[in-house]
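**Q** For reference, this is work_5.txt, and it has compact mmCIF, N, CA and C atoms.
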# COMPACT_ATOMS: atom_id res chain seq x y z
N MET A 1 -86.99 35.59 60.91
CA MET A 1 -86.13 35.11 59.84
C MET A 1 -86.57 33.70 59.45
N ALA A 2 -86.59 33.42 58.18
CA ALA A 2 -87.02 32.12 57.67
C ALA A 2 -86.01 31.03 58.03
N GLU A 3 -86.50 29.81 58.13
CA GLU A 3 -85.67 28.65 58.43
C GLU A 3 -85.20 27.98 57.15
N ALA A 4 -84.08 27.28 57.24
CA ALA A 4 -83.65 26.45 56.12
C ALA A 4 -84.69 25.35 55.93
N ARG A 5 -84.74 24.80 54.74
CA ARG A 5 -85.71 23.74 54.50
C ARG A 5 -85.04 22.59 53.75
N ILE A 6 -85.65 21.44 53.85
CA ILE A 6 -85.16 20.25 53.17
C ILE A 6 -86.16 19.88 52.08
N GLU A 7 -85.64 19.58 50.89
CA GLU A 7 -86.50 19.09 49.83
C GLU A 7 -85.98 17.74 49.36
N ARG A 8 -86.89 16.86 49.03
CA ARG A 8 -86.52 15.55 48.49
C ARG A 8 -86.15 15.71 47.03
N LEU A 9 -85.12 14.97 46.62
CA LEU A 9 -84.72 14.97 45.22
C LEU A 9 -85.44 13.85 44.49
N SER A 10 -85.80 14.11 43.26
CA SER A 10 -86.43 13.07 42.43
C SER A 10 -85.38 12.02 42.07
N LEU A 11 -85.85 10.87 41.64
CA LEU A 11 -84.93 9.82 41.21
C LEU A 11 -84.06 10.32 40.06
N GLU A 12 -84.65 11.04 39.12
CA GLU A 12 -83.87 11.55 37.98
C GLU A 12 -82.78 12.52 38.43
N GLU A 13 -83.08 13.38 39.41
CA GLU A 13 -82.07 14.30 39.93
C GLU A 13 -80.97 13.53 40.65
N CYS A 14 -81.33 12.51 41.41
CA CYS A 14 -80.33 11.67 42.09
C CYS A 14 -79.41 11.02 41.06
N LEU A 15 -79.99 10.47 39.99
CA LEU A 15 -79.18 9.82 38.96
C LEU A 15 -78.29 10.82 38.25
N ARG A 16 -78.79 12.03 38.01
CA ARG A 16 -77.98 13.08 37.38
C ARG A 16 -76.75 13.39 38.24
N LEU A 17 -76.96 13.50 39.54
CA LEU A 17 -75.84 13.79 40.44
C LEU A 17 -74.87 12.61 40.51
N LEU A 18 -75.39 11.40 40.53
CA LEU A 18 -74.52 10.21 40.53
C LEU A 18 -73.71 10.13 39.23
N ARG A 19 -74.33 10.46 38.11
CA ARG A 19 -73.62 10.43 36.82
C ARG A 19 -72.45 11.41 36.82
N GLY A 20 -72.61 12.53 37.50
CA GLY A 20 -71.61 13.58 37.46
C GLY A 20 -70.45 13.39 38.42
N GLY A 21 -70.50 12.38 39.26
CA GLY A 21 -69.45 12.20 40.26
C GLY A 21 -68.53 11.04 39.97
N SER A 22 -67.49 10.94 40.78
CA SER A 22 -66.56 9.81 40.67
C SER A 22 -66.04 9.36 42.03
N VAL A 23 -66.33 10.12 43.08
CA VAL A 23 -65.88 9.77 44.43
C VAL A 23 -67.08 9.78 45.36
N GLY A 24 -67.19 8.75 46.15
CA GLY A 24 -68.26 8.66 47.14
C GLY A 24 -67.77 7.91 48.36
N ARG A 25 -68.69 7.51 49.20
CA ARG A 25 -68.35 6.74 50.40
C ARG A 25 -69.24 5.50 50.43
N ILE A 26 -68.62 4.38 50.77
CA ILE A 26 -69.38 3.14 50.90
C ILE A 26 -69.41 2.76 52.37
N GLY A 27 -70.59 2.40 52.85
CA GLY A 27 -70.77 1.99 54.23
C GLY A 27 -71.02 0.49 54.29
N VAL A 28 -70.22 -0.18 55.10
CA VAL A 28 -70.34 -1.62 55.29
C VAL A 28 -70.33 -1.91 56.79
N VAL A 29 -70.74 -3.10 57.16
CA VAL A 29 -70.71 -3.51 58.57
C VAL A 29 -69.56 -4.49 58.76
N VAL A 30 -68.70 -4.19 59.73
CA VAL A 30 -67.56 -5.04 60.06
C VAL A 30 -67.59 -5.31 61.56
N ASP A 31 -67.62 -6.56 61.94
CA ASP A 31 -67.66 -6.94 63.36
C ASP A 31 -68.79 -6.21 64.09
N GLU A 32 -69.94 -6.15 63.46
CA GLU A 32 -71.17 -5.58 64.01
C GLU A 32 -71.17 -4.06 64.13
N PHE A 33 -70.16 -3.39 63.54
CA PHE A 33 -70.11 -1.93 63.59
C PHE A 33 -69.99 -1.37 62.18
N PRO A 34 -70.63 -0.23 61.92
CA PRO A 34 -70.52 0.37 60.58
C PRO A 34 -69.14 0.96 60.34
N VAL A 35 -68.68 0.82 59.10
CA VAL A 35 -67.44 1.42 58.63
C VAL A 35 -67.77 2.14 57.33
N VAL A 36 -67.32 3.38 57.21
CA VAL A 36 -67.58 4.17 56.01
C VAL A 36 -66.23 4.57 55.42
N LEU A 37 -66.05 4.25 54.12
CA LEU A 37 -64.76 4.47 53.47
C LEU A 37 -64.95 5.20 52.14
N PRO A 38 -64.01 6.10 51.80
CA PRO A 38 -64.09 6.76 50.49
C PRO A 38 -63.72 5.77 49.39
N ILE A 39 -64.36 5.95 48.22
CA ILE A 39 -64.10 5.04 47.11
C ILE A 39 -64.45 5.72 45.80
N ASN A 40 -63.70 5.39 44.76
CA ASN A 40 -64.07 5.82 43.41
C ASN A 40 -65.19 4.93 42.91
N TYR A 41 -66.06 5.49 42.09
CA TYR A 41 -67.18 4.72 41.58
C TYR A 41 -67.51 5.15 40.16
N ARG A 42 -68.35 4.34 39.54
CA ARG A 42 -68.91 4.69 38.24
C ARG A 42 -70.36 4.24 38.22
N LEU A 43 -71.24 5.13 37.80
CA LEU A 43 -72.64 4.76 37.64
C LEU A 43 -72.79 4.11 36.28
N VAL A 44 -73.38 2.91 36.27
CA VAL A 44 -73.58 2.18 35.02
C VAL A 44 -75.08 1.98 34.85
N GLU A 45 -75.59 2.43 33.71
CA GLU A 45 -77.01 2.29 33.40
C GLU A 45 -77.13 1.50 32.09
N THR A 46 -77.79 0.36 32.16
CA THR A 46 -77.93 -0.48 30.99
C THR A 46 -79.17 -1.35 31.11
N SER A 47 -79.85 -1.53 30.02
CA SER A 47 -81.04 -2.40 29.96
C SER A 47 -82.06 -2.06 31.04
N GLY A 48 -82.25 -0.78 31.30
CA GLY A 48 -83.22 -0.37 32.29
C GLY A 48 -82.79 -0.59 33.73
N ARG A 49 -81.56 -0.99 33.96
CA ARG A 49 -81.04 -1.22 35.31
C ARG A 49 -79.94 -0.21 35.61
N THR A 50 -79.72 0.02 36.89
CA THR A 50 -78.70 0.94 37.35
C THR A 50 -77.83 0.24 38.39
N TRP A 51 -76.52 0.41 38.27
CA TRP A 51 -75.57 -0.15 39.23
C TRP A 51 -74.52 0.89 39.57
N VAL A 52 -73.92 0.74 40.75
CA VAL A 52 -72.75 1.51 41.12
C VAL A 52 -71.59 0.52 41.07
N ALA A 53 -70.62 0.78 40.19
CA ALA A 53 -69.47 -0.11 40.02
C ALA A 53 -68.26 0.45 40.76
N VAL A 54 -67.53 -0.44 41.44
CA VAL A 54 -66.31 -0.06 42.16
C VAL A 54 -65.24 -1.13 41.94
N ARG A 55 -64.00 -0.71 42.07
CA ARG A 55 -62.87 -1.63 42.09
C ARG A 55 -62.13 -1.42 43.40
N THR A 56 -61.70 -2.50 43.99
CA THR A 56 -61.00 -2.40 45.25
C THR A 56 -59.93 -3.48 45.33
N ARG A 57 -59.20 -3.47 46.42
CA ARG A 57 -58.13 -4.45 46.62
C ARG A 57 -58.73 -5.75 47.14
N PRO A 58 -58.37 -6.88 46.54
CA PRO A 58 -58.89 -8.17 47.02
C PRO A 58 -58.56 -8.38 48.50
N GLY A 59 -59.54 -8.86 49.23
CA GLY A 59 -59.34 -9.19 50.64
C GLY A 59 -59.49 -8.04 51.60
N ASN A 60 -59.75 -6.81 51.12
CA ASN A 60 -59.89 -5.70 52.06
C ASN A 60 -61.30 -5.66 52.64
N VAL A 61 -61.55 -4.68 53.49
CA VAL A 61 -62.82 -4.57 54.21
C VAL A 61 -64.01 -4.52 53.26
N ILE A 62 -63.90 -3.74 52.20
CA ILE A 62 -65.02 -3.58 51.27
C ILE A 62 -65.30 -4.90 50.55
N GLU A 63 -64.27 -5.57 50.11
CA GLU A 63 -64.45 -6.80 49.35
C GLU A 63 -65.02 -7.92 50.22
N GLN A 64 -64.75 -7.88 51.50
CA GLN A 64 -65.22 -8.93 52.41
C GLN A 64 -66.50 -8.54 53.16
N ALA A 65 -67.09 -7.43 52.80
CA ALA A 65 -68.27 -6.93 53.51
C ALA A 65 -69.47 -7.85 53.31
N SER A 66 -70.42 -7.71 54.22
CA SER A 66 -71.69 -8.42 54.05
C SER A 66 -72.41 -7.87 52.82
N ALA A 67 -73.46 -8.51 52.41
CA ALA A 67 -74.13 -8.16 51.16
C ALA A 67 -74.81 -6.79 51.20
N ASN A 68 -75.32 -6.36 52.33
CA ASN A 68 -76.05 -5.09 52.40
C ASN A 68 -75.09 -3.94 52.65
N VAL A 69 -75.17 -2.93 51.77
CA VAL A 69 -74.27 -1.79 51.87
C VAL A 69 -75.05 -0.50 51.63
N ALA A 70 -74.40 0.60 51.94
CA ALA A 70 -74.91 1.93 51.61
C ALA A 70 -73.80 2.66 50.88
N PHE A 71 -74.19 3.49 49.93
CA PHE A 71 -73.24 4.29 49.17
C PHE A 71 -73.79 5.70 49.12
N GLU A 72 -72.91 6.71 49.33
CA GLU A 72 -73.39 8.08 49.37
C GLU A 72 -72.43 9.01 48.67
N ILE A 73 -73.01 10.02 48.01
CA ILE A 73 -72.26 11.16 47.50
C ILE A 73 -72.95 12.41 48.01
N ASP A 74 -72.21 13.52 48.05
CA ASP A 74 -72.85 14.76 48.48
C ASP A 74 -72.09 15.97 47.96
N GLY A 75 -72.72 17.09 48.07
CA GLY A 75 -72.12 18.37 47.74
C GLY A 75 -72.53 19.38 48.80
N ILE A 76 -71.56 20.15 49.27
CA ILE A 76 -71.82 21.07 50.39
C ILE A 76 -71.29 22.46 50.04
N ASP A 77 -72.08 23.48 50.36
CA ASP A 77 -71.68 24.87 50.20
C ASP A 77 -71.78 25.53 51.58
N PRO A 78 -70.69 25.48 52.38
CA PRO A 78 -70.74 26.04 53.73
C PRO A 78 -71.07 27.54 53.76
N ALA A 79 -70.60 28.28 52.78
CA ALA A 79 -70.84 29.72 52.78
C ALA A 79 -72.34 30.03 52.66
N GLN A 80 -73.06 29.26 51.88
CA GLN A 80 -74.50 29.46 51.70
C GLN A 80 -75.33 28.61 52.65
N LYS A 81 -74.66 27.77 53.44
CA LYS A 81 -75.34 26.86 54.38
C LYS A 81 -76.38 26.00 53.66
N GLN A 82 -75.92 25.38 52.56
CA GLN A 82 -76.79 24.49 51.83
C GLN A 82 -75.98 23.35 51.23
N GLY A 83 -76.67 22.33 50.80
CA GLY A 83 -76.00 21.18 50.21
C GLY A 83 -77.00 20.11 49.82
N TRP A 84 -76.49 18.98 49.35
CA TRP A 84 -77.34 17.88 48.92
C TRP A 84 -76.62 16.57 49.21
N SER A 85 -77.38 15.49 49.24
CA SER A 85 -76.79 14.16 49.35
C SER A 85 -77.67 13.17 48.61
N VAL A 86 -77.02 12.14 48.08
CA VAL A 86 -77.71 11.04 47.42
C VAL A 86 -77.26 9.77 48.11
N LEU A 87 -78.22 8.94 48.48
CA LEU A 87 -77.95 7.69 49.18
C LEU A 87 -78.45 6.52 48.35
N VAL A 88 -77.56 5.56 48.11
CA VAL A 88 -77.92 4.33 47.41
C VAL A 88 -77.82 3.20 48.44
N ARG A 89 -78.93 2.55 48.70
CA ARG A 89 -78.92 1.37 49.57
C ARG A 89 -79.11 0.16 48.67
N GLY A 90 -78.31 -0.88 48.92
CA GLY A 90 -78.44 -2.04 48.06
C GLY A 90 -77.57 -3.19 48.50
N THR A 91 -77.37 -4.10 47.57
CA THR A 91 -76.56 -5.29 47.84
C THR A 91 -75.33 -5.25 46.95
N VAL A 92 -74.22 -5.71 47.50
CA VAL A 92 -72.97 -5.72 46.75
C VAL A 92 -72.75 -7.12 46.19
N HIS A 93 -72.25 -7.17 44.95
CA HIS A 93 -72.01 -8.43 44.26
C HIS A 93 -70.61 -8.42 43.66
N HIS A 94 -69.93 -9.54 43.74
CA HIS A 94 -68.62 -9.71 43.12
C HIS A 94 -68.83 -10.08 41.66
N VAL A 95 -68.04 -9.50 40.78
CA VAL A 95 -68.15 -9.81 39.35
C VAL A 95 -66.76 -10.09 38.79
N GLU A 96 -66.73 -10.87 37.73
CA GLU A 96 -65.49 -11.14 37.00
C GLU A 96 -65.39 -10.16 35.84
N ALA A 97 -64.27 -9.51 35.73
CA ALA A 97 -64.07 -8.53 34.67
C ALA A 97 -63.23 -9.15 33.56
N GLY A 98 -63.75 -10.19 32.94
CA GLY A 98 -62.98 -10.95 31.98
C GLY A 98 -62.79 -10.30 30.63
N THR A 99 -63.77 -9.55 30.14
CA THR A 99 -63.67 -9.02 28.79
C THR A 99 -63.25 -7.56 28.80
N ALA A 100 -62.62 -7.14 27.72
CA ALA A 100 -62.21 -5.74 27.59
C ALA A 100 -63.43 -4.83 27.59
N TYR A 101 -64.53 -5.29 26.95
CA TYR A 101 -65.75 -4.49 26.91
C TYR A 101 -66.25 -4.22 28.33
N PHE A 102 -66.28 -5.27 29.15
CA PHE A 102 -66.75 -5.10 30.52
C PHE A 102 -65.85 -4.12 31.27
N ARG A 103 -64.55 -4.31 31.16
CA ARG A 103 -63.61 -3.43 31.87
C ARG A 103 -63.79 -1.97 31.44
N GLU A 104 -63.96 -1.75 30.15
CA GLU A 104 -64.11 -0.39 29.64
C GLU A 104 -65.39 0.26 30.16
N ARG A 105 -66.48 -0.48 30.13
CA ARG A 105 -67.78 0.08 30.50
C ARG A 105 -67.97 0.22 32.01
N TRP A 106 -67.38 -0.69 32.79
CA TRP A 106 -67.64 -0.75 34.22
C TRP A 106 -66.50 -0.23 35.09
N ASP A 107 -65.38 0.13 34.51
CA ASP A 107 -64.22 0.53 35.31
C ASP A 107 -64.48 1.86 36.01
N SER A 108 -64.29 1.88 37.31
CA SER A 108 -64.50 3.10 38.09
C SER A 108 -63.26 3.98 38.12
N HIS A 109 -62.17 3.56 37.48
CA HIS A 109 -60.93 4.31 37.41
C HIS A 109 -60.47 4.79 38.79
N PRO A 110 -60.16 3.83 39.68
CA PRO A 110 -59.72 4.22 41.03
C PRO A 110 -58.44 5.05 40.98
N TRP A 111 -58.32 5.99 41.89
CA TRP A 111 -57.13 6.82 41.96
C TRP A 111 -55.93 5.97 42.33
N LEU A 112 -56.13 5.01 43.21
CA LEU A 112 -55.08 4.05 43.55
C LEU A 112 -55.36 2.80 42.73
N THR A 113 -54.50 2.52 41.76
CA THR A 113 -54.78 1.41 40.86
C THR A 113 -54.05 0.13 41.23
N ALA A 114 -52.98 0.22 41.98
CA ALA A 114 -52.21 -0.97 42.32
C ALA A 114 -53.08 -1.97 43.08
N GLU A 115 -53.13 -3.17 42.57
CA GLU A 115 -53.83 -4.29 43.20
C GLU A 115 -55.34 -4.08 43.32
N ARG A 116 -55.93 -3.19 42.56
CA ARG A 116 -57.37 -2.98 42.62
C ARG A 116 -58.04 -3.93 41.63
N ASP A 117 -57.99 -5.22 41.94
CA ASP A 117 -58.48 -6.25 41.03
C ASP A 117 -59.77 -6.92 41.50
N ALA A 118 -60.37 -6.43 42.55
CA ALA A 118 -61.68 -6.95 42.99
C ALA A 118 -62.74 -6.02 42.42
N TRP A 119 -63.57 -6.54 41.52
CA TRP A 119 -64.61 -5.76 40.86
C TRP A 119 -65.93 -6.06 41.55
N LEU A 120 -66.61 -4.99 41.98
CA LEU A 120 -67.86 -5.13 42.72
C LEU A 120 -68.90 -4.22 42.09
N ILE A 121 -70.15 -4.63 42.22
CA ILE A 121 -71.25 -3.75 41.83
C ILE A 121 -72.25 -3.69 42.98
N VAL A 122 -72.81 -2.52 43.16
CA VAL A 122 -73.90 -2.34 44.12
C VAL A 122 -75.18 -2.31 43.31
N SER A 123 -76.06 -3.25 43.60
CA SER A 123 -77.37 -3.30 42.96
C SER A 123 -78.35 -2.57 43.87
N PRO A 124 -78.86 -1.42 43.46
CA PRO A 124 -79.69 -0.60 44.35
C PRO A 124 -81.03 -1.24 44.70
N VAL A 125 -81.40 -1.10 45.95
CA VAL A 125 -82.74 -1.40 46.43
C VAL A 125 -83.51 -0.08 46.48
N ALA A 126 -82.79 0.99 46.83
CA ALA A 126 -83.40 2.33 46.89
C ALA A 126 -82.34 3.38 46.58
N ILE A 127 -82.74 4.40 45.83
CA ILE A 127 -81.91 5.57 45.56
C ILE A 127 -82.72 6.78 45.98
N THR A 128 -82.22 7.48 46.98
CA THR A 128 -82.94 8.64 47.51
C THR A 128 -81.97 9.81 47.66
N GLY A 129 -82.52 11.00 47.74
CA GLY A 129 -81.68 12.17 47.91
C GLY A 129 -82.46 13.30 48.54
N ARG A 130 -81.71 14.24 49.06
CA ARG A 130 -82.34 15.44 49.61
C ARG A 130 -81.38 16.61 49.48
N ARG A 131 -81.98 17.78 49.52
CA ARG A 131 -81.22 19.02 49.41
C ARG A 131 -81.63 19.92 50.57
N VAL A 132 -80.65 20.54 51.21
CA VAL A 132 -80.90 21.52 52.25
C VAL A 132 -80.74 22.89 51.60
N LEU A 133 -81.78 23.69 51.68
CA LEU A 133 -81.77 25.03 51.09
C LEU A 133 -81.80 26.06 52.20
N SER A 134 -80.89 27.01 52.14
CA SER A 134 -80.89 28.06 53.15
C SER A 134 -81.96 29.08 52.79
N PRO A 135 -82.50 29.75 53.78
CA PRO A 135 -83.51 30.77 53.49
C PRO A 135 -82.86 31.98 52.82
N ALA A 136 -83.62 32.69 52.04
CA ALA A 136 -83.11 33.91 51.42
C ALA A 136 -82.91 34.96 52.50
N SER A 137 -81.81 35.65 52.46
CA SER A 137 -81.56 36.69 53.46
C SER A 137 -82.07 38.03 52.93
N ASP A 138 -82.09 39.02 53.82
CA ASP A 138 -82.53 40.36 53.41
C ASP A 138 -81.55 40.98 52.42
N TRP A 139 -80.33 40.45 52.33
CA TRP A 139 -79.30 41.01 51.48
C TRP A 139 -79.21 40.33 50.12
N ASP A 140 -79.98 39.26 49.91
CA ASP A 140 -79.92 38.58 48.62
C ASP A 140 -80.41 39.52 47.51
N VAL A 141 -79.67 39.56 46.45
CA VAL A 141 -80.04 40.37 45.30
C VAL A 141 -80.31 39.40 44.14
N PRO A 142 -81.57 39.28 43.71
CA PRO A 142 -81.88 38.30 42.68
C PRO A 142 -81.25 38.59 41.32
N ASN A 143 -81.01 39.84 41.01
CA ASN A 143 -80.46 40.19 39.70
C ASN A 143 -79.30 41.17 39.91
N PRO A 144 -78.07 40.74 39.62
CA PRO A 144 -76.94 41.67 39.84
C PRO A 144 -77.01 42.93 39.02
N ALA A 145 -77.84 42.97 37.98
CA ALA A 145 -77.96 44.18 37.16
C ALA A 145 -78.58 45.33 37.94
N HIS A 146 -79.22 45.02 39.07
CA HIS A 146 -79.84 46.06 39.87
C HIS A 146 -78.83 46.87 40.67
N LEU A 147 -77.59 46.43 40.70
CA LEU A 147 -76.58 47.14 41.49
C LEU A 147 -76.08 48.35 40.81
Hey, can you dump this file as structure tokens for me?

**A**
Amino acid sequence: MAEARIERLSLEECLRLLRGGSVGRIGVVVDEFPVVLPINYRLVETSGRTWVAVRTRPGNVIEQASANVAFEIDGIDPAQKQGWSVLVRGTVHHVEAGTAYFRERWDSHPWLTAERDAWLIVSPVAITGRRVLSPASDWDVPNPAHL
């Protein structure tokens, strides 16, 4: 029986998946240990640059994190034993959301909006992704019309 395999995703495929999502996980280091938290995000592409924009509560773990962070999204299909993930490694920066234009373009629309007044962007150093593909089984039917 064939084994599952891993394929690397192109940068364009990673960006396509990031564009289509709104929830991911951000990894930060707190007291020398990693912490991973769910967060709403928005992919912003402008002037040939790409950023992951987030809003969070001032003073929380994410807002006080060190500069180096990781951000991840994924999709999993347990029934088919396959899935994908996109990892953004980069630096987090605090930004002021003073203008309506900025707020409209960069707002990640957090599900929890109360007190989410800390605006952050992740400036990517690397965007990578991979997909796990399950092997075709003896029962796979490529065209349902054959039934």

**Q** Please indicate the distance in Å from CA of Leu87 in chain A to CA of Gly59 in chain A, rounded to one decimal place.

**A**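 Result for CA of Leu87 in chain A versus CA of Gly59 in chain A: 25.2 Å, one decimal.
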
**Q** Ranking A:Asp117, A:Leu43, A:Ile73, A:Ala2 by minimum distance to Ser85 in chain A and counting only N, CA and C atoms, which one comes first?

**A**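 Closest residue, counting only N, CA and C atoms: A:Ile73.
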
**Q** Between atom C of Val29 in chain A and atom N of Phe71 in chain A, what distance in Å does the model show, to one decimal?

**A**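 It comes out at 12.8 Å.
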
**Q** For the atom pair atom C of Tyr41 in chain A and CA of Ile76 in chain A, what is the interatomic distance in Å to one decimal place?

**A**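 Pair atom C of Tyr41 in chain A / CA of Ile76 in chain A returns 19.4 Å.
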
**Q** Find the residue from A:Val86, A:Leu17, A:Ile39, A:Val125 that sits nearest to Thr56 in chain A; use only C-alpha atoms when measuring.

**A**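 Using only C-alpha atoms, Thr56 in chain A sits closest to A:Ile39.
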
**Q** Closest to Ala65 in chain A among A:Val23, A:Leu11, A:Val44, A:Val122, using only C-alpha atoms?

**A**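 Checking each candidate against Ala65 in chain A, we get A:Val122 as the closest.
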
**Q** Of the candidates A:Val28, A:Ala4, A:Ile121, A:Val54, which one gets nearest to Val69 in chain A if we count all atoms listed in the file?

**A**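 Checking each of A:Val28, A:Ala4, A:Ile121, A:Val54 against Val69 in chain A, counting all atoms listed in the file, the winner is A:Val28.
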
**Q** If I put a ball of radius 7 Å at (-73.1, -3.5, 44.1) in the file's coordinates, which residues poke into it when counting only C-alpha atoms, written as a list in words?

**A**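 Those within range, by chain then number, are Trp51, Val52, Ala53, Gly90, Thr91, Val92, His93, Leu120, Ile121, Val122 and Ser123 of chain A.
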